[in-house]
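protein15.txt follows (compact mmCIF, C-alpha atoms):
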# COMPACT_ATOMS: atom_id res chain seq x y z
CA MET A 499 0.00 0.00 0.00
CA GLU A 500 2.92 2.40 0.57
CA GLU A 501 4.69 1.96 -2.80
CA ASP A 502 5.45 5.14 -4.72
CA LYS A 503 5.14 3.67 -8.19
CA GLU A 504 3.35 0.70 -9.68
CA THR A 505 3.99 -0.47 -13.24
CA LEU A 506 1.32 -1.31 -15.82
CA ASN A 507 2.20 -3.17 -18.99
CA THR A 508 -0.11 -2.50 -21.92
CA PRO A 509 -0.90 -4.04 -25.31
CA LYS A 510 0.95 -1.18 -27.01
CA GLY A 511 4.12 -2.52 -25.42
CA LYS A 512 4.53 0.69 -23.46
CA THR A 513 5.00 0.67 -19.71
CA TYR A 514 2.89 3.08 -17.65
CA LYS A 515 3.56 3.93 -14.05
CA ILE A 516 1.13 4.82 -11.33
CA ASP A 517 2.77 7.81 -9.69
CA LYS A 518 1.08 8.52 -6.39
CA LEU A 519 3.34 11.46 -5.55
CA ASN A 520 2.28 13.35 -8.69
CA ASN A 521 -1.32 12.03 -8.75
CA ARG A 522 -0.97 10.17 -12.01
CA TYR A 523 -3.06 7.01 -12.38
CA PRO A 524 -3.14 5.88 -16.03
CA PHE A 525 -6.11 3.67 -16.93
CA CYS A 526 -7.65 3.96 -13.46
CA ILE A 527 -10.79 5.07 -11.68
CA VAL A 528 -9.97 7.19 -8.63
CA TRP A 529 -11.95 8.06 -5.50
CA THR A 530 -11.76 10.55 -2.64
CA PRO A 531 -14.01 11.11 0.39
CA ILE A 532 -16.45 14.02 0.48
CA PRO A 533 -16.21 16.00 3.73
CA CYS A 534 -19.23 15.55 6.03
CA ILE A 535 -20.98 13.02 3.76
CA SER A 536 -18.18 10.43 3.97
CA TRP A 537 -17.99 11.02 7.71
CA LEU A 538 -21.54 9.66 7.98
CA ILE A 539 -21.26 6.96 5.29
CA PRO A 540 -17.58 6.21 4.50
CA SER A 541 -18.33 4.39 1.23
CA ILE A 542 -19.91 7.50 -0.31
CA GLY A 543 -17.37 9.72 -2.05
CA HIS A 544 -16.29 11.42 -5.25
CA SER A 545 -14.95 9.52 -8.26
CA GLY A 546 -13.10 10.33 -11.43
CA VAL A 547 -11.42 8.55 -14.31
CA CYS A 548 -7.85 9.04 -15.48
CA ASP A 549 -6.70 9.21 -19.08
CA SER A 550 -3.82 7.19 -20.52
CA ASN A 551 -1.34 9.73 -19.13
CA GLY A 552 -2.86 9.42 -15.66
CA VAL A 553 -4.52 12.84 -15.59
CA ILE A 554 -7.73 12.84 -13.53
CA HIS A 555 -11.04 13.86 -15.14
CA ASP A 556 -14.09 14.22 -12.90
CA PHE A 557 -17.61 15.58 -13.22
CA ALA A 558 -17.27 18.28 -10.58
CA GLY A 559 -20.45 20.29 -11.07
CA PRO A 560 -23.01 21.54 -13.58
CA TYR A 561 -21.54 21.76 -17.08
CA TYR A 562 -18.04 21.11 -15.75
CA VAL A 563 -15.68 18.18 -16.11
CA SER A 564 -12.56 19.08 -14.16
CA ILE A 565 -9.16 18.13 -15.55
CA ASP A 566 -6.23 17.55 -13.17
CA ASP A 567 -7.99 19.29 -10.27
CA MET A 568 -10.18 16.70 -8.59
CA ALA A 569 -13.06 18.11 -6.57
CA PHE A 570 -12.71 17.36 -2.83
CA GLY A 571 -8.94 16.84 -3.03
CA ASN A 572 -6.47 14.23 -4.19
CA PRO A 573 -7.54 10.60 -4.55
CA THR A 574 -7.31 8.25 -1.60
CA LYS A 575 -8.20 5.09 -3.57
CA TYR A 576 -7.72 3.84 -7.11
CA LEU A 577 -8.89 0.96 -9.25
CA ILE A 578 -6.78 -0.18 -12.19
CA LEU A 579 -9.02 -1.06 -15.12
CA GLN A 580 -8.26 -4.42 -16.71
CA LEU A 581 -8.46 -3.50 -20.39
CA SER A 582 -8.62 -5.68 -23.45
CA GLN A 583 -6.47 -4.68 -26.41
CA LYS A 584 -9.47 -3.08 -28.14
CA GLU A 585 -10.46 -1.18 -24.98
CA PHE A 586 -6.90 0.00 -24.53
CA PHE A 587 -6.82 1.57 -28.00
CA GLU A 588 -10.28 3.18 -27.58
CA TYR A 589 -9.70 4.43 -24.03
CA ASP A 590 -8.90 8.14 -24.53
CA LYS A 591 -11.48 8.47 -27.30
CA ALA A 592 -14.20 7.11 -24.98
CA LEU A 593 -13.09 9.49 -22.23
CA GLN A 594 -13.22 12.49 -24.60
CA SER A 595 -16.71 11.47 -25.68
CA ALA A 596 -17.91 11.23 -22.06
CA MET A 597 -16.34 14.61 -21.28
CA ILE A 598 -18.07 16.30 -24.22
CA LYS A 599 -21.42 14.89 -23.06
CA TYR A 600 -21.00 15.79 -19.37
CA ASN A 601 -19.68 19.30 -20.09
CA LYS A 602 -23.23 19.95 -21.37
CA MET A 603 -25.09 18.37 -18.45
CA GLU A 604 -26.60 19.49 -15.16
CA TYR A 605 -25.17 17.95 -12.00
CA ASN A 606 -27.46 16.20 -9.54
CA PHE A 607 -25.99 14.59 -6.42
CA PHE A 608 -28.51 11.73 -6.46
CA CYS A 609 -28.92 10.77 -10.11
CA ASN A 610 -26.42 12.53 -12.41
CA ASN A 611 -23.12 12.79 -10.60
CA CYS A 612 -19.44 11.86 -10.75
CA HIS A 613 -20.25 8.14 -10.58
CA SER A 614 -22.65 8.58 -13.53
CA PHE A 615 -19.82 10.22 -15.49
CA VAL A 616 -17.50 7.28 -14.83
CA ALA A 617 -20.28 4.83 -15.73
CA ASN A 618 -20.92 6.71 -18.98
CA PHE A 619 -17.23 6.49 -19.82
CA LEU A 620 -17.17 2.71 -19.19
CA ASN A 621 -20.30 2.32 -21.33
CA LYS A 622 -18.71 4.24 -24.21
CA LEU A 623 -15.62 2.06 -23.82
CA ASN A 624 -17.83 -1.05 -23.72
CA TYR A 625 -15.67 -2.12 -20.79
CA LYS A 626 -15.63 -5.89 -20.34
CA GLY A 627 -18.26 -6.18 -23.08
CA ARG A 628 -20.86 -4.22 -21.12
CA SER A 629 -22.66 -0.99 -21.95
CA ASP A 630 -25.06 -0.90 -19.01
CA TYR A 631 -22.90 0.44 -16.16
CA ASN A 632 -24.58 2.80 -13.73
CA MET A 633 -23.52 4.77 -10.67
CA VAL A 634 -24.28 1.84 -8.33
CA ASP A 635 -21.94 -0.38 -10.38
CA ILE A 636 -19.18 2.20 -10.03
CA TRP A 637 -19.81 2.52 -6.29
CA TRP A 638 -19.66 -1.27 -5.91
CA MET A 639 -16.47 -1.56 -7.98
CA LEU A 640 -14.82 1.10 -5.84
CA CYS A 641 -15.99 -0.56 -2.61
CA THR A 642 -14.85 -4.06 -3.54
CA LYS A 643 -11.93 -3.76 -5.98
CA SER A 644 -10.10 -0.50 -5.32
CA ARG A 645 -6.97 -0.01 -3.22
CA TYR A 646 -6.11 2.76 -0.80
CA LEU A 647 -3.00 4.69 -1.75
CA THR A 648 -1.61 4.61 1.80
CA TRP A 649 -2.63 3.58 5.30
CA GLY A 650 -2.99 7.31 6.00
CA ASP A 651 -5.62 7.57 3.26
CA PHE A 652 -7.49 4.66 4.79
CA ILE A 653 -7.43 6.41 8.17
CA LYS A 654 -8.45 9.72 6.55
CA THR A 655 -11.49 8.01 5.03
CA TYR A 656 -12.72 6.41 8.25
CA SER A 657 -11.56 8.84 10.97
CA GLY A 658 -14.59 11.17 10.62
CA PHE A 659 -16.98 8.22 10.83
CA ILE A 660 -15.22 6.79 13.89
CA PHE A 661 -15.19 10.21 15.57
CA ILE A 662 -18.95 10.64 15.01
CA LEU A 663 -19.58 7.09 16.22
CA VAL A 664 -17.61 7.73 19.42
CA LEU A 665 -19.51 10.98 20.01
CA PHE A 666 -22.79 9.13 19.48
CA PHE A 667 -21.90 6.46 22.05
CA ILE A 668 -20.74 9.09 24.55
CA PHE A 669 -24.03 10.94 24.03
CA ILE A 670 -26.03 7.72 24.59
CA LYS A 671 -24.03 6.95 27.74
CA LEU A 672 -24.59 10.48 29.07
CA MET A 673 -28.32 10.30 28.30
CA LYS A 674 -28.62 7.00 30.17
CA ASN A 675 -26.94 8.58 33.20
CA ILE A 676 -29.24 11.61 33.10
CA ILE A 677 -32.43 9.53 32.75
CA ILE A 678 -31.50 7.08 35.52
Entire entry expressed as structure tokens:
Amino acid sequence: MEEDKETLNTPKGKTYKIDKLNNRYPFCIVWTPIPCISWLIPSIGHSGVCDSNGVIHDFAGPYYVSIDDMAFGNPTKYLILQLSQKEFFEYDKALQSAMIKYNKMEYNFFCNNCHSFVANFLNKLNYKGRSDYNMVDIWWMLCTKSRYLTWGDFIKTYSGFIFILVLFFIFIKLMKNIII
């Protein structure tokens, strides 16, 4: 979990490196917690997709796909996409197509959000032969298959939740003492 660089070999014969220090994650989906929301439900956060050079693209608000400036801060988790040769060659084209579409769309936290953007990208890519990804699929992939960059990022993700949980139990204990 603490490695600085991870190597990806691709069908083009080129080697790509995940560079955590410079926030470069080629062929990856990335995730970061959202303050306050992730403190209540740690699996809810903000996602983006990285191009072949590792630059992060994320649907950050109405009519705005951010490039290399991820909303809510640097990623804390990433998921390396397992691409077929065809997907590898179509990757950046599919990302451009998703960006063009989402730069013209309203943002809605519940039904047209960053996870929807990533799902749209995977659909355009026809990732793993599927074109029916949705935001729940992206959430599940990030919950079950992604990796934290460092132990510190893991702690950052869960510390707010644990703090609120501790406060809740202290409050319950105090209320029991007052009532009795």
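Here atom CA of Lys654 of chain A and atom CA of Val528 of chain A stand 15.5 Å from one another.
Shortest atom-to-atom contact with Phe661 of chain A among A:Trp537, A:Gly559, A:Ser629, A:Phe615: A:Trp537, counting only C-alpha atoms.
The shortest atom-to-atom distance to Cys609 of chain A, with only C-alpha atoms taken into account, belongs to A:Val634 out of A:Val634, A:Leu593, A:Leu623, A:Ile554.
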Near Cys641 of chain A, within 10 Å and counting all atoms listed in the file, which residues show up once chain neighbours fewer than 2 positions away are dropped, as a PyMOL selection string?
-> chain A and resi 529+540-542+575+577+635-639+643-645
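In this structure, atom CA of Ser614 of chain A sits 10.1 Å away from atom CA of Ala596 of chain A.
Note that atom CA of Lys622 of chain A and atom CA of Ala592 of chain A are 5.4 Å apart.
Neighbouring residues of Asp630 of chain A at 10 Å or closer, counting all atoms listed in the file and skipping chain neighbours under 5 positions away, are Ala617, Asn618, Leu620, Asn621, Lys622, Asn624, Tyr625 and Asp635 of chain A.
With only C-alpha atoms as the atoms that count, the minimum distance from Val616 of chain A to the choices A:Gly552, A:Gly546, A:Pro531, A:Pro524 is reached by A:Gly546.
Across A:Met633, A:Leu663, A:Ile670, A:Cys534, the tightest approach to Asn611 of chain A is made by A:Met633 when counting all atoms listed in the file.
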Please work out which residues fall within 12 Å of (-9.9, 16.7, -2.6), coordinates as given in the file, with only C-alpha atoms counting, and return them as a VMD selection string.
-> chain A and resid 521 528 to 533 543 to 546 554 556 558 566 to 575 651 654 to 655
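Across A:Phe619, A:Tyr600, A:Tyr514, A:Phe587, the tightest approach to Ser564 of chain A is made by A:Tyr600 when counting all atoms listed in the file.
Closest approach to Leu519 of chain A from the set A:Asn551, A:Lys674, A:Thr648, A:Asn601 is made by A:Thr648, with distances taken over all atoms listed in the file.
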Your completed segment 613-638 of chain A with N, CA, C and O atoms, as an mmCIF file, keeping the file's coordinate frame:
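Below is the file selection.cif, written as the result:
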data_model
loop_
_atom_site.group_PDB
_atom_site.id
_atom_site.type_symbol
_atom_site.label_atom_id
_atom_site.label_comp_id
_atom_site.auth_asym_id
_atom_site.auth_seq_id
_atom_site.Cartn_x
_atom_site.Cartn_y
_atom_site.Cartn_z
ATOM 1 N N HIS A 613 -20.177 9.572 -10.313
ATOM 2 C CA HIS A 613 -20.250 8.140 -10.580
ATOM 3 C C HIS A 613 -20.962 7.880 -11.920
ATOM 4 O O HIS A 613 -20.600 6.957 -12.649
ATOM 5 N N SER A 614 -21.960 8.693 -12.237
ATOM 6 C CA SER A 614 -22.650 8.580 -13.530
ATOM 7 C C SER A 614 -21.691 8.878 -14.674
ATOM 8 O O SER A 614 -21.736 8.213 -15.717
ATOM 9 N N PHE A 615 -20.833 9.875 -14.488
ATOM 10 C CA PHE A 615 -19.820 10.220 -15.490
ATOM 11 C C PHE A 615 -18.889 9.044 -15.753
ATOM 12 O O PHE A 615 -18.633 8.668 -16.899
ATOM 13 N N VAL A 616 -18.393 8.424 -14.679
ATOM 14 C CA VAL A 616 -17.500 7.280 -14.830
ATOM 15 C C VAL A 616 -18.236 6.112 -15.499
ATOM 16 O O VAL A 616 -17.685 5.455 -16.388
ATOM 17 N N ALA A 617 -19.481 5.888 -15.115
ATOM 18 C CA ALA A 617 -20.280 4.830 -15.730
ATOM 19 C C ALA A 617 -20.470 5.098 -17.225
ATOM 20 O O ALA A 617 -20.346 4.181 -18.053
ATOM 21 N N ASN A 618 -20.750 6.353 -17.577
ATOM 22 C CA ASN A 618 -20.920 6.710 -18.980
ATOM 23 C C ASN A 618 -19.648 6.431 -19.772
ATOM 24 O O ASN A 618 -19.692 5.898 -20.884
ATOM 25 N N PHE A 619 -18.513 6.772 -19.180
ATOM 26 C CA PHE A 619 -17.230 6.490 -19.820
ATOM 27 C C PHE A 619 -17.060 4.983 -20.056
ATOM 28 O O PHE A 619 -16.695 4.550 -21.153
ATOM 29 N N LEU A 620 -17.319 4.159 -19.033
ATOM 30 C CA LEU A 620 -17.170 2.710 -19.190
ATOM 31 C C LEU A 620 -18.137 2.159 -20.236
ATOM 32 O O LEU A 620 -17.793 1.241 -20.981
ATOM 33 N N ASN A 621 -19.333 2.739 -20.311
ATOM 34 C CA ASN A 621 -20.300 2.320 -21.330
ATOM 35 C C ASN A 621 -19.809 2.654 -22.733
ATOM 36 O O ASN A 621 -19.929 1.852 -23.654
ATOM 37 N N LYS A 622 -19.246 3.848 -22.899
ATOM 38 C CA LYS A 622 -18.710 4.240 -24.210
ATOM 39 C C LYS A 622 -17.526 3.356 -24.596
ATOM 40 O O LYS A 622 -17.325 3.054 -25.762
ATOM 41 N N LEU A 623 -16.763 2.940 -23.596
ATOM 42 C CA LEU A 623 -15.620 2.060 -23.820
ATOM 43 C C LEU A 623 -16.065 0.620 -24.075
ATOM 44 O O LEU A 623 -15.315 -0.175 -24.627
ATOM 45 N N ASN A 624 -17.305 0.321 -23.680
ATOM 46 C CA ASN A 624 -17.830 -1.050 -23.720
ATOM 47 C C ASN A 624 -16.925 -1.956 -22.885
ATOM 48 O O ASN A 624 -16.535 -3.044 -23.303
ATOM 49 N N TYR A 625 -16.599 -1.450 -21.700
ATOM 50 C CA TYR A 625 -15.670 -2.120 -20.790
ATOM 51 C C TYR A 625 -16.181 -3.506 -20.406
ATOM 52 O O TYR A 625 -17.316 -3.653 -19.983
ATOM 53 N N LYS A 626 -15.316 -4.480 -20.616
ATOM 54 C CA LYS A 626 -15.630 -5.890 -20.340
ATOM 55 C C LYS A 626 -16.889 -6.360 -21.073
ATOM 56 O O LYS A 626 -17.656 -7.175 -20.566
ATOM 57 N N GLY A 627 -17.130 -5.772 -22.257
ATOM 58 C CA GLY A 627 -18.260 -6.180 -23.080
ATOM 59 C C GLY A 627 -19.609 -5.683 -22.595
ATOM 60 O O GLY A 627 -20.639 -6.144 -23.066
ATOM 61 N N ARG A 628 -19.598 -4.739 -21.679
ATOM 62 C CA ARG A 628 -20.860 -4.220 -21.120
ATOM 63 C C ARG A 628 -21.062 -2.765 -21.522
ATOM 64 O O ARG A 628 -20.121 -1.995 -21.630
ATOM 65 N N SER A 629 -22.318 -2.398 -21.699
ATOM 66 C CA SER A 629 -22.660 -0.990 -21.950
ATOM 67 C C SER A 629 -23.842 -0.581 -21.077
ATOM 68 O O SER A 629 -24.630 0.271 -21.466
ATOM 69 N N ASP A 630 -23.947 -1.200 -19.910
ATOM 70 C CA ASP A 630 -25.060 -0.900 -19.010
ATOM 71 C C ASP A 630 -24.596 -0.528 -17.595
ATOM 72 O O ASP A 630 -25.311 -0.723 -16.623
ATOM 73 N N TYR A 631 -23.386 0.010 -17.484
ATOM 74 C CA TYR A 631 -22.900 0.440 -16.160
ATOM 75 C C TYR A 631 -23.734 1.603 -15.662
ATOM 76 O O TYR A 631 -24.209 2.432 -16.446
ATOM 77 N N ASN A 632 -23.901 1.665 -14.344
ATOM 78 C CA ASN A 632 -24.580 2.800 -13.730
ATOM 79 C C ASN A 632 -23.807 3.215 -12.486
ATOM 80 O O ASN A 632 -22.789 2.599 -12.157
ATOM 81 N N MET A 633 -24.288 4.244 -11.801
ATOM 82 C CA MET A 633 -23.520 4.770 -10.670
ATOM 83 C C MET A 633 -23.408 3.768 -9.532
ATOM 84 O O MET A 633 -22.404 3.759 -8.815
ATOM 85 N N VAL A 634 -24.365 2.872 -9.373
ATOM 86 C CA VAL A 634 -24.280 1.840 -8.330
ATOM 87 C C VAL A 634 -23.169 0.853 -8.672
ATOM 88 O O VAL A 634 -22.415 0.425 -7.788
ATOM 89 N N ASP A 635 -23.034 0.509 -9.955
ATOM 90 C CA ASP A 635 -21.940 -0.380 -10.380
ATOM 91 C C ASP A 635 -20.585 0.232 -10.053
ATOM 92 O O ASP A 635 -19.676 -0.461 -9.587
ATOM 93 N N ILE A 636 -20.451 1.526 -10.303
ATOM 94 C CA ILE A 636 -19.180 2.200 -10.030
ATOM 95 C C ILE A 636 -18.917 2.205 -8.525
ATOM 96 O O ILE A 636 -17.804 1.910 -8.080
ATOM 97 N N TRP A 637 -19.944 2.540 -7.741
ATOM 98 C CA TRP A 637 -19.810 2.520 -6.290
ATOM 99 C C TRP A 637 -19.354 1.134 -5.818
ATOM 100 O O TRP A 637 -18.434 1.022 -5.009
ATOM 101 N N TRP A 638 -19.994 0.080 -6.324
ATOM 102 C CA TRP A 638 -19.660 -1.270 -5.910
ATOM 103 C C TRP A 638 -18.225 -1.646 -6.310
ATOM 104 O O TRP A 638 -17.489 -2.248 -5.528
#
